[in-house]
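Below is one structure, written out as structure tokens; the observations come after it.
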Amino acid sequence: MQQTDTVTPPVETIASATGMPMLHKIIFLGLLAFLMVLPFMVYPIFAMKVMCFALFAAAFNLLLGFGGLLSFGHAAYFGSASYVAAHAAKVWGLTPELAVLSGTAAAAFLGLVIGSLSIRRQGIYFAMVTLAFAQMIYFLSLQLPFTGGEDGIQSVPRGELFGIFSLENNIPLYFFVLTVTFGGILMLYRIVNSPFGQVLKAIRENEPRAISLGYNVNRYKLMVFVLSATFAGLAGATKSQVFQLASLTDVHWSMSGEVVLMTLLGGMGTIFGPLAGAAMIVTMQNYLATFGAWVTVIQGVIFVIGVLLFREGVIGVLARWFKRPL
Amino acid sequence: MMKSLAYGTALGALIAGSAMAQDIEVKLGVLNDRSGVYADLSGEGSVVAARMAVEDFKASDKGLKVEIISADHQNKPDIGSNIARQWYDEEGVNAILDVPTSSVALAVADITAEKNGVLINSGAGSTALTREQCRATTIHWTYDTAALANGTGGAMTNSGGKKWFFLTADYAFGHSLEENTAKVVEENGGEVVGTVNVPFPAQDFSSFLLQAQGSGADVIGLANAGGDTVNAIKQASEFGITQAGQKLAALLFFVTDVHALGAQTAQGLSLTEAFYWDQNDATRAWSKRFFDTHGSQPTMVQAGVYSGTLAYLAAVEALGSADDGKALVAKIKEMEIEDPLFGTVKVRGDGRAVHDMYLFQVKSPDESTGEWDLYNQISSINGDDAFLPMLDECDFTKM
Amino acid sequence: MKRRRGTFRMFELLGIPPQVLLGQLLLGLINGSFYAVLSLGLAVIFGLLNIINFAHGALYMMGAFVAWMLLHYLGIGYWPALILAPLITGAFGILLERTMLSRLYHLDHLYGLLLTFGLALIIQGLFRNYYGISGLPYQIPDLLSGGNNLGFMFLPNYRAWVVVASAIVCLATWFIIEKTRLGAYLRAATENPVLVGAFGINVPLLIMLTYGFGVALAGFAGVLAAPIYSVNPNMGADMIIVVFAVVVIGGMGSIMGAILTGYVLGLVEGLTRVFYPEGSAVVIFVIMAIVLLIKPEGLFGKAA
């Protein structure tokens with residue numbers, strides 16, 4: 001059959017071969033400037049939450065938007081990294097940057113194991129397999145002694161960066177988180193626009209053709225899977241330092257759904273879409289928290305509307321208006 | 001902002017002279033589950049209970065201006081701690097009430113200590129609140145898992161249920177519930193003939209129940225909570241386990257759960273609670289008022305929110321301010337409390353409110369005269385026996 | 001300390017008498033019955049629409065709730081509900097197919113997965129808002145209350161009925177699809193919808209009815225489950241992920257494959273509950289990983 005197994009984003013991101021286009025540069029700089037003053041305008045913890053999820057969504061977008069692979073189990077990497085980082089900071093007494101790194105490494109390893117199994121199936125099966133594996137991770141997180149079951153790992157110390165700078169206060173912590181997440185997002189941008197990223201797009205567009213051109217498609221798929229898991233882990237590990245907590249919420253399948261939603265709403269396959277999507281969803285959750293279970297319903301409605309009418313996502317639509325890849 | 005406001009009122013009070021008690025502003029936050037498994041036993045009912053306490057305390061006559069806000073923590077520690085932080089930082093909340101779900105309660109207890117607020121916990125069961133993670137700003141009012149284990153485990157072993165088999169929810173909470181109870185059972189001359197660790201959450205308990213049945217135990221202890229316990233009880237009745245003479249002991253179960261199951265299915269079940277609406281004239285009178293507003297009988301958690309709020313307001317009145325959480329809690333620990341619902345209550349140095357607990361058995365449908373006529377009281381357990389002894393390092397009155 | 005007790009018990013059970021084992025196998029078969037009906041529904045839908053119906057768990061839950069509502073609001077008991085509730089959920093499914101899913105057929109199939117995921121969130125959220133999460137009681141019908149002592153175990157009549165009912169439904173579905181003319185159209189439409197359409201068969205109608213039928217199967221499983229599990233908005237949420245794993249293991253190649261995998265995995269899970277209860281929640285996922293390693297297309301699947 002002529003069915004394609006991948007999701008093709010409606011808007012193509014074209015990277016100039018010579019580094020970052022001016023427009024992207026301006027946006028990134030503007031964003032950075034905005035983020036510099038943000039903690040003095042809103043509740044810093046809320047701002048940090050948005051940034052962590054933005055990185056998470058951007059990592060997920062690498063896999064879905066550029067790799068064309070829909071994983072429905074990305075909470076596994078986000079969550080397990082957050083557990084490992086929390087454990088490292090609390091029990092091993094590691095400094096924040098090392099704790100975050102160890103969480104990220106755990107996610108990368110997990111991504112390698114699960115990825116090498118999952119890429120054996122394509123399309124819908126791939127989504128289901130990743131979901132099932134994530135569920136397995138969820139059960140492990142519930143049962144393993146070090147995760148603290150339902151309590152999670154609580155009261156994680158914020159510690160001192162490099163053993164020197166105290167992150168006890170929100171503002172220094174904010175700039176640590178800003179550095180990590182913004183750096184992560186820039187690295188993802190680099191990956192997308194590297195030769196590796198070009199091959200990915202080729203595979204996404206036409207896998208048989210990429211194979212016939214001599215690319216080892218499975219190796220590329222695995223690599224993008226591991227990279228995506230790693231950056232998702234970076235986001236999760238950072239989040240655990242912000243909230244001083246790693247809990248089951250981070251590994252639950254609804255978290256996997258949430259990141260799909262963020263990416264879809266912002267615009268999959270765009271650079272800035274996942275960031276916008278994450279900001280919108282986190283803000284919505286924050287302000288609708290009093291409505292309890294209605295949040296789920298509203299998210300479901302956004303999902304349905306997004307899929308039916310709005311597949312390009314917010315940034316995708318903007319990109320079409322301005323006729324520029326965003 | 002809040003500080004300057006409070007300062008302004010203090011100044012105003014000084015000027016007003018004899019009308020000293022004018023306008024002490026108190027903001028209470030009821031933080032609990034409003035949509036999940038614990039919504040029925042805490043939820044809006046706890047807010048109703050807190051409001052009744054403000055009313056009964058005649059707060060406005062005594063110059064307290066009390067405002068109550070509420071939020072849903074969805075049983076998630078991350079959401080709960082977020083709300084608590086924002087309440088203290090931005091809303092000027094003085095005390096947080098209720099907080100079921102141990103994971104959330106522990107997170108909120110830490111934040112409360114950091115912000116010098118007050119946590120009067122009614123809904124959560126973890127003994128860590130007054131032990132491993134005891135804080136000078138925490139009061140644990142209604143029950144804890146050790147008290148439930150003591151009540152149910154001790155009383156049932158003494159009345160002949162010597163051999164126990166545990167169905168344990170396979171995560172930290174389930175294991176600690178099992179461990180607490182097993183200890184009590186063994187201390188009372190019983191023995192544990194087996195345990196099975198059931199993955200959590202589970203829908204189908206038949207296989208595990210059959211293993212329990214085959215073990216020849218007198219009592220099947222359900223070391224789980226919420227929907228798991230409901231399913232286990234339902235299926236035990238389906239497989240004729242209770243009919244065949246084995247007893248079920250629910251280690252964490254509430255009157256609303258029993259009500260949802262119905263007397264037909266739950267009959268014969270033993271459980272421990274700190275409060276039951278139909279205990280005496282005072283509880284009946286209060287529960288009737290509660291029922292008229294809320295449409296269901298109060299649980300012990302909701303009753304605990306009421307009583308805890310009364311005690312808190314009394315302390316605020318005594319100190320003339322709601323700003324210093326640590327001082328307020330210390331004050332409550334000094335008070336002699338005669339509570340309309342819980343009787344004599346003493347808050348220990350570690351924040352544990354000590355009062356009697358009661359072992360109940362669910363009535364059979366023939367005995368039950370109404371929808372909410374569910375319990376027979378089997379025995380009462382003295383507070384000092386029910387709760388774990390205080391740890392020295394948690395006695396904040398000595399620091 | 002705890003571990004030791006656990007292992008001790010394990011060894012004790014390794015030497016369990018065969019009768020007890022038989023009892024546990026029977027219980028596994030009962031759970032397998034639910035898996036079979038649900039994975040069959042997924043397979044039927046997937047066969048024609050190429051959509052993985054993420055809302056299947058939510059619709060299963062809805063089946064149970066419809067049965068409860070019929071009883072509670074209209075006084076309609078279990079037996080009529082066993083027919084009515086699947087019809088109502090099926091009709092609801094048709095509504096979803098007509099208004100939403102049908103708009104996605106020209107797109108990548110993953111959008112179908114995303115859409116049904118959103119629908120599942122909405123359905124579960126709504127039920128949670130209106131009925132809470134504690135679960136609602138639904139009694140076993142009088143005719144099937146009580147049970148029989150089989151010597152090795154006490155088998156509640158209702159559980160026996162679950163096995164029988166699911167087997168009947170599964171076999172009937174298999175028969176219709178594999179042995180009747182309607183089934184032949186259906187299979188043909190799966191292979192080549194354009195060609196079948198050219199023969200004058202109304203393919204959109206066929207698709208609509210198939211989706212409705214698959215959903216009705218989920219609703220049927222929901223009614224079957226209502227008396228033994230509490231009727232609870234979350235009852236489908238965890239179920240669906242297990243059923244996904246079942247489907248991956250079986251592969252979607254054949255109707256019979258979906259059914260058999262469902263029953264067999266129920267049995268395997270049942271055995272795990274005896275020998276290593278802690279692992280019973282993950283055993284299906286472990287099997288899935290192994291199958292993926294050895295036979296990526298699934299046990300009954302055609303090579304992709």
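Letters A, B, ... mark the chains of the structure tokens in the order given; residue numbers begin at 1 per chain; ligand numbers begin at 1, in order shown.
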When the cut-off is 8 Å and we count only C-alpha atoms, which residues of chain A are near chain C, given as a short mmCIF file (atom, residue, chain, number, x, y, z; two decimals) with C-alpha atoms, in the first residue's frame?
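Written output follows (result-v4.cif):
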data_model
loop_
_atom_site.label_atom_id
_atom_site.label_comp_id
_atom_site.auth_asym_id
_atom_site.auth_seq_id
_atom_site.Cartn_x
_atom_site.Cartn_y
_atom_site.Cartn_z
CA GLN A 3 0.55 4.64 3.00
CA THR A 4 3.26 6.69 4.60
CA ASP A 5 4.27 5.93 8.09
CA THR A 6 5.32 9.34 9.12
CA VAL A 7 3.75 12.61 9.98
CA LEU A 70 5.39 9.69 16.94
CA LEU A 117 13.43 -2.12 20.23
CA SER A 118 10.80 0.37 19.17
CA ARG A 120 11.59 -2.20 14.69
CA ARG A 121 7.99 -1.15 14.12
CA GLY A 123 3.91 4.31 12.30
CA ILE A 124 1.05 3.46 14.58
CA TYR A 125 2.76 0.39 15.93
CA MET A 128 1.92 1.89 20.68
CA VAL A 129 5.20 0.20 21.43
CA LEU A 131 3.56 3.79 24.96
CA ALA A 132 3.73 0.27 26.29
CA PHE A 133 7.38 0.64 27.24
CA GLN A 135 3.95 2.14 30.94
CA MET A 136 6.52 -0.40 32.01
CA PHE A 139 5.24 0.55 36.95
CA ALA A 293 -10.78 17.61 36.18
CA TRP A 294 -12.05 20.14 33.67
CA THR A 296 -8.41 17.21 31.18
CA VAL A 297 -11.57 17.92 29.23
CA ILE A 298 -10.24 21.21 27.93
CA GLN A 299 -6.98 19.56 26.90
CA GLY A 300 -8.96 16.90 25.11
CA VAL A 301 -10.98 19.54 23.28
CA ILE A 302 -7.82 21.37 22.23
CA PHE A 303 -6.46 18.07 20.99
CA VAL A 304 -9.53 17.35 18.90
CA VAL A 307 -6.18 17.58 14.87
CA LEU A 308 -9.34 18.43 12.97
#
Next on the checklist: I need the residues in segment 179-315 of chain B that are strand (DSSP E or B) according to DSSP; give them as a ChimeraX atom specification.
Outcome noted: /B:191-198,219-223,247-250,270-273
Could those selected residues go to a file with C-alpha atoms, as a JSON list (two decimals), in the first residue's frame?
[["chain", "number", "residue", "atom", "x", "y", "z"],
["B", 191, "GLU", "CA", 0.70, -14.47, 63.13],
["B", 192, "VAL", "CA", 1.04, -13.46, 59.52],
["B", 193, "VAL", "CA", 0.57, -16.54, 57.36],
["B", 194, "GLY", "CA", 1.24, -14.82, 54.08],
["B", 195, "THR", "CA", 1.33, -11.70, 52.00],
["B", 196, "VAL", "CA", 0.88, -11.04, 48.36],
["B", 197, "ASN", "CA", 2.15, -7.85, 46.77],
["B", 198, "VAL", "CA", -0.52, -6.69, 44.38],
["B", 219, "VAL", "CA", -8.40, -12.33, 58.54],
["B", 220, "ILE", "CA", -7.54, -10.89, 55.16],
["B", 221, "GLY", "CA", -5.88, -7.52, 55.69],
["B", 222, "LEU", "CA", -6.32, -5.08, 52.83],
["B", 223, "ALA", "CA", -3.22, -2.89, 52.88],
["B", 247, "LYS", "CA", -12.98, -11.68, 57.80],
["B", 248, "LEU", "CA", -11.88, -8.69, 55.82],
["B", 249, "ALA", "CA", -10.01, -5.86, 57.48],
["B", 250, "ALA", "CA", -9.76, -2.63, 55.55],
["B", 270, "SER", "CA", -14.03, -4.09, 60.23],
["B", 271, "LEU", "CA", -12.40, -0.70, 60.18],
["B", 272, "THR", "CA", -11.10, 1.99, 62.49],
["B", 273, "GLU", "CA", -12.17, 5.62, 62.44]]
Between chain C and chain B, at 10 Å or less, what are the per-residue closest atom pairs and their distances in Å? Count only C-alpha atoms, order by chain and rising residue number, and return it as a tab-separated table.
residue	atom	partner	partner_atom	distance
C:Lys2	CA	B:His175	CA	8.8
C:Arg5	CA	B:Thr195	CA	7.8
C:Gly6	CA	B:Thr195	CA	7.2
C:Phe8	CA	B:Gly194	CA	9.4
C:Arg9	CA	B:Gly194	CA	7.0
C:Met10	CA	B:Val196	CA	9.5
C:Leu13	CA	B:Gln211	CA	9.3
C:Val20	CA	B:Gly214	CA	8.4
C:Gly23	CA	B:Leu210	CA	8.4
C:Gln24	CA	B:Ser207	CA	6.2
C:Leu25	CA	B:Ser207	CA	9.2
C:Leu26	CA	B:Ser207	CA	9.6
C:Leu27	CA	B:Ser207	CA	6.5
C:Gly28	CA	B:Ser207	CA	8.1
C:Asn31	CA	B:Asp204	CA	8.1
C:Gly125	CA	B:Ser35	CA	9.9
C:Arg128	CA	B:Ser35	CA	7.3
C:Asn129	CA	B:Ser35	CA	7.0
C:Tyr130	CA	B:Ser35	CA	9.7
C:Tyr131	CA	B:Ser35	CA	9.6
C:Gly132	CA	B:Ser35	CA	6.4
C:Ile133	CA	B:Val37	CA	5.3
C:Ser134	CA	B:Val37	CA	5.4
C:Gly135	CA	B:Gly227	CA	7.4
C:Leu136	CA	B:Ala260	CA	6.8
C:Pro137	CA	B:Leu261	CA	6.3
C:Tyr138	CA	B:Leu261	CA	9.5
C:Gln139	CA	B:Thr265	CA	9.5
C:Ile140	CA	B:Glu238	CA	8.8
C:Ser145	CA	B:Glu238	CA	8.2
C:Gly146	CA	B:Glu238	CA	7.5
C:Gly147	CA	B:Phe239	CA	7.8
C:Asn148	CA	B:Phe239	CA	9.8
C:Met153	CA	B:Leu210	CA	8.1
C:Phe154	CA	B:Phe239	CA	6.5
C:Leu155	CA	B:Phe239	CA	7.0
C:Pro156	CA	B:Phe239	CA	6.0
C:Asn157	CA	B:Glu238	CA	9.4
C:Tyr158	CA	B:Glu238	CA	8.8
C:Arg159	CA	B:Glu238	CA	9.4
C:Pro227	CA	B:Lys234	CA	9.2
C:Ile228	CA	B:Gln235	CA	6.7
C:Tyr229	CA	B:Asn231	CA	6.1
C:Ser230	CA	B:Asn231	CA	6.4
C:Asn232	CA	B:Gly227	CA	8.7
C:Met235	CA	B:Gln203	CA	7.9
C:Asp238	CA	B:Pro201	CA	9.0
C:Met239	CA	B:Gln203	CA	9.4
C:Gly270	CA	B:Ser207	CA	7.2
C:Leu271	CA	B:Ser207	CA	9.2
C:Arg273	CA	B:Ser207	CA	6.8
C:Val274	CA	B:Ser207	CA	7.5
C:Tyr276	CA	B:Asn197	CA	8.9
C:Pro277	CA	B:Asn197	CA	6.1
C:Glu278	CA	B:Asn197	CA	5.6
C:Gly279	CA	B:Pro199	CA	7.5
C:Ser280	CA	B:Pro199	CA	7.0
C:Ala281	CA	B:Pro199	CA	6.0
C:Val282	CA	B:Pro199	CA	9.0
Just-selected residues, C-alpha atoms written as a tab-separated table (two decimals), in the first residue's frame:
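Result saved to result-v2.tsv:
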chain	number	residue	atom	x	y	z
C	2	LYS	CA	9.84	-8.38	53.30
C	5	ARG	CA	8.86	-13.43	53.05
C	6	GLY	CA	7.96	-12.88	49.42
C	8	PHE	CA	9.47	-17.88	50.77
C	9	ARG	CA	5.89	-17.67	49.68
C	10	MET	CA	6.93	-18.04	46.10
C	13	LEU	CA	3.45	-21.77	45.75
C	20	VAL	CA	-5.08	-24.59	42.76
C	23	GLY	CA	-8.26	-22.32	39.59
C	24	GLN	CA	-5.74	-19.63	38.78
C	25	LEU	CA	-5.73	-20.59	35.12
C	26	LEU	CA	-9.47	-20.28	35.04
C	27	LEU	CA	-9.22	-16.80	36.52
C	28	GLY	CA	-6.64	-15.93	33.90
C	31	ASN	CA	-9.38	-11.78	32.35
C	125	GLY	CA	-12.87	13.90	32.01
C	128	ARG	CA	-15.08	12.11	36.14
C	129	ASN	CA	-16.69	15.49	36.58
C	130	TYR	CA	-20.20	14.18	36.78
C	131	TYR	CA	-19.75	10.89	38.58
C	132	GLY	CA	-16.60	11.34	40.60
C	133	ILE	CA	-13.90	8.77	40.71
C	134	SER	CA	-14.94	6.53	43.59
C	135	GLY	CA	-16.90	4.24	41.34
C	136	LEU	CA	-20.55	3.32	41.26
C	137	PRO	CA	-22.08	0.04	42.37
C	138	TYR	CA	-23.66	-2.35	39.87
C	139	GLN	CA	-25.08	-5.60	41.15
C	140	ILE	CA	-24.63	-8.99	39.56
C	145	SER	CA	-25.53	-14.56	41.50
C	146	GLY	CA	-23.97	-17.21	43.65
C	147	GLY	CA	-21.60	-19.76	42.28
C	148	ASN	CA	-20.46	-23.34	42.20
C	153	MET	CA	-12.21	-23.39	43.56
C	154	PHE	CA	-15.40	-21.51	44.09
C	155	LEU	CA	-16.43	-20.23	40.69
C	156	PRO	CA	-18.95	-17.41	40.78
C	157	ASN	CA	-21.60	-18.00	38.14
C	158	TYR	CA	-21.08	-14.54	36.79
C	159	ARG	CA	-17.42	-15.17	35.98
C	227	PRO	CA	-20.82	-6.07	37.92
C	228	ILE	CA	-17.33	-7.28	38.86
C	229	TYR	CA	-15.25	-4.13	38.71
C	230	SER	CA	-16.57	-0.90	40.08
C	232	ASN	CA	-15.36	3.96	37.39
C	235	MET	CA	-11.50	1.76	34.39
C	238	ASP	CA	-5.09	1.51	32.18
C	239	MET	CA	-6.87	-1.29	30.36
C	270	GLY	CA	-2.91	-15.26	35.65
C	271	LEU	CA	0.07	-17.56	36.12
C	273	ARG	CA	-0.06	-13.62	39.64
C	274	VAL	CA	0.63	-16.90	41.36
C	276	TYR	CA	5.47	-13.64	40.89
C	277	PRO	CA	2.56	-11.33	41.73
C	278	GLU	CA	4.74	-8.20	41.77
C	279	GLY	CA	5.47	-8.71	38.11
C	280	SER	CA	1.94	-9.35	36.93
C	281	ALA	CA	1.42	-5.76	35.86
C	282	VAL	CA	4.44	-5.73	33.59
Next on the checklist: I need the contact residues of chain A against chain B, so if you could list those with any atom within 12 Å, counting only C-alpha atoms, and return them as a VMD selection string, that would help.
Outcome noted: chain A and resid 42 to 46 49 136 138 to 157 168 239 to 240 242 to 250 252 282 285 to 296
So which residues touch His355 of chain B within 7 Å, counting only C-alpha atoms, skipping near sequence neighbours fewer than 2 positions away, as a PDB file with C-alpha atoms, in the first residue's frame?
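Result saved to result_36.pdb:
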ATOM      1  CA  PHE B 342     -13.572  14.327  69.117  1.00  0.00           C
ATOM      2  CA  THR B 344     -10.813  15.419  74.819  1.00  0.00           C
ATOM      3  CA  VAL B 345      -8.000  16.236  72.439  1.00  0.00           C
ATOM      4  CA  LYS B 346      -4.403  16.864  73.379  1.00  0.00           C
ATOM      5  CA  ALA B 353      -3.468  15.357  68.082  1.00  0.00           C
ATOM      6  CA  MET B 357     -10.204   6.003  68.076  1.00  0.00           C
ATOM      7  CA  GLY B 383      -5.733   7.729  72.276  1.00  0.00           C
TER       8      GLY B 383
END
Checklist entry - Got a sec to tell me which of segment 192-272 of chain C DSSP assigns to helix (DSSP H, G or I), as a ChimeraX atom specification? => result /C:193-198,203-225,235-250,255-272
For those residues, write C-alpha atoms to a file as an mmCIF file, in the first residue's frame.
data_model
loop_
_atom_site.group_PDB
_atom_site.id
_atom_site.type_symbol
_atom_site.label_atom_id
_atom_site.label_comp_id
_atom_site.auth_asym_id
_atom_site.auth_seq_id
_atom_site.Cartn_x
_atom_site.Cartn_y
_atom_site.Cartn_z
ATOM 1 C CA PRO C 193 -11.271 0.355 -0.978
ATOM 2 C CA VAL C 194 -11.260 1.992 -4.393
ATOM 3 C CA LEU C 195 -11.857 -1.219 -6.255
ATOM 4 C CA VAL C 196 -14.582 -2.346 -3.885
ATOM 5 C CA GLY C 197 -16.238 1.056 -4.245
ATOM 6 C CA ALA C 198 -16.161 0.600 -7.996
ATOM 7 C CA VAL C 203 -17.488 1.861 1.309
ATOM 8 C CA PRO C 204 -18.074 4.869 3.602
ATOM 9 C CA LEU C 205 -21.150 3.117 4.994
ATOM 10 C CA LEU C 206 -19.123 -0.012 5.498
ATOM 11 C CA ILE C 207 -16.449 1.956 7.327
ATOM 12 C CA MET C 208 -19.009 3.701 9.494
ATOM 13 C CA LEU C 209 -20.693 0.465 10.492
ATOM 14 C CA THR C 210 -17.385 -1.227 11.153
ATOM 15 C CA TYR C 211 -16.297 1.513 13.502
ATOM 16 C CA GLY C 212 -19.679 1.374 15.204
ATOM 17 C CA PHE C 213 -19.348 -2.371 15.563
ATOM 18 C CA GLY C 214 -15.836 -2.176 17.007
ATOM 19 C CA VAL C 215 -17.003 0.419 19.509
ATOM 20 C CA ALA C 216 -20.018 -1.709 20.353
ATOM 21 C CA LEU C 217 -17.637 -4.530 21.205
ATOM 22 C CA ALA C 218 -15.866 -2.214 23.637
ATOM 23 C CA GLY C 219 -19.235 -1.245 25.107
ATOM 24 C CA PHE C 220 -20.139 -4.913 25.425
ATOM 25 C CA ALA C 221 -16.949 -5.611 27.348
ATOM 26 C CA GLY C 222 -17.833 -2.647 29.560
ATOM 27 C CA VAL C 223 -21.233 -4.086 30.453
ATOM 28 C CA LEU C 224 -19.635 -7.446 31.148
ATOM 29 C CA ALA C 225 -17.163 -5.754 33.469
ATOM 30 C CA MET C 235 -11.497 1.759 34.395
ATOM 31 C CA GLY C 236 -10.558 1.970 30.734
ATOM 32 C CA ALA C 237 -7.513 4.170 31.005
ATOM 33 C CA ASP C 238 -5.090 1.512 32.176
ATOM 34 C CA MET C 239 -6.874 -1.286 30.360
ATOM 35 C CA ILE C 240 -6.326 0.275 26.960
ATOM 36 C CA ILE C 241 -2.566 0.315 27.302
ATOM 37 C CA VAL C 242 -2.473 -3.359 28.195
ATOM 38 C CA VAL C 243 -4.720 -4.102 25.253
ATOM 39 C CA PHE C 244 -2.384 -2.119 23.008
ATOM 40 C CA ALA C 245 0.428 -4.368 24.125
ATOM 41 C CA VAL C 246 -1.772 -7.404 23.433
ATOM 42 C CA VAL C 247 -2.382 -6.098 19.953
ATOM 43 C CA VAL C 248 1.316 -5.480 19.320
ATOM 44 C CA ILE C 249 2.105 -9.010 20.474
ATOM 45 C CA GLY C 250 -0.583 -10.616 18.349
ATOM 46 C CA ILE C 255 -9.174 -11.615 13.646
ATOM 47 C CA MET C 256 -8.487 -15.008 15.133
ATOM 48 C CA GLY C 257 -5.000 -13.844 16.074
ATOM 49 C CA ALA C 258 -6.378 -10.949 18.102
ATOM 50 C CA ILE C 259 -8.795 -13.227 19.907
ATOM 51 C CA LEU C 260 -6.290 -15.953 20.681
ATOM 52 C CA THR C 261 -3.612 -13.535 21.865
ATOM 53 C CA GLY C 262 -6.135 -11.971 24.215
ATOM 54 C CA TYR C 263 -6.996 -15.283 25.851
ATOM 55 C CA VAL C 264 -3.427 -16.561 25.982
ATOM 56 C CA LEU C 265 -2.081 -13.388 27.567
ATOM 57 C CA GLY C 266 -4.856 -13.506 30.142
ATOM 58 C CA LEU C 267 -3.631 -16.973 31.069
ATOM 59 C CA VAL C 268 -0.007 -15.908 31.188
ATOM 60 C CA GLU C 269 -0.897 -12.968 33.390
ATOM 61 C CA GLY C 270 -2.907 -15.259 35.647
ATOM 62 C CA LEU C 271 0.069 -17.558 36.120
ATOM 63 C CA THR C 272 2.333 -14.640 36.901
#
Checklist entry - Just how far from atom CA of Ser379 of chain B is atom CA of Gln267 of chain B, in Å to one decimal? => result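 Distance between the two atoms: 17.3 Å.
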Item to check | One-decimal distance in Å that lies between atom CA of Val305 of chain B and atom CA of Val26 of chain B | outcome: 15.9 Å
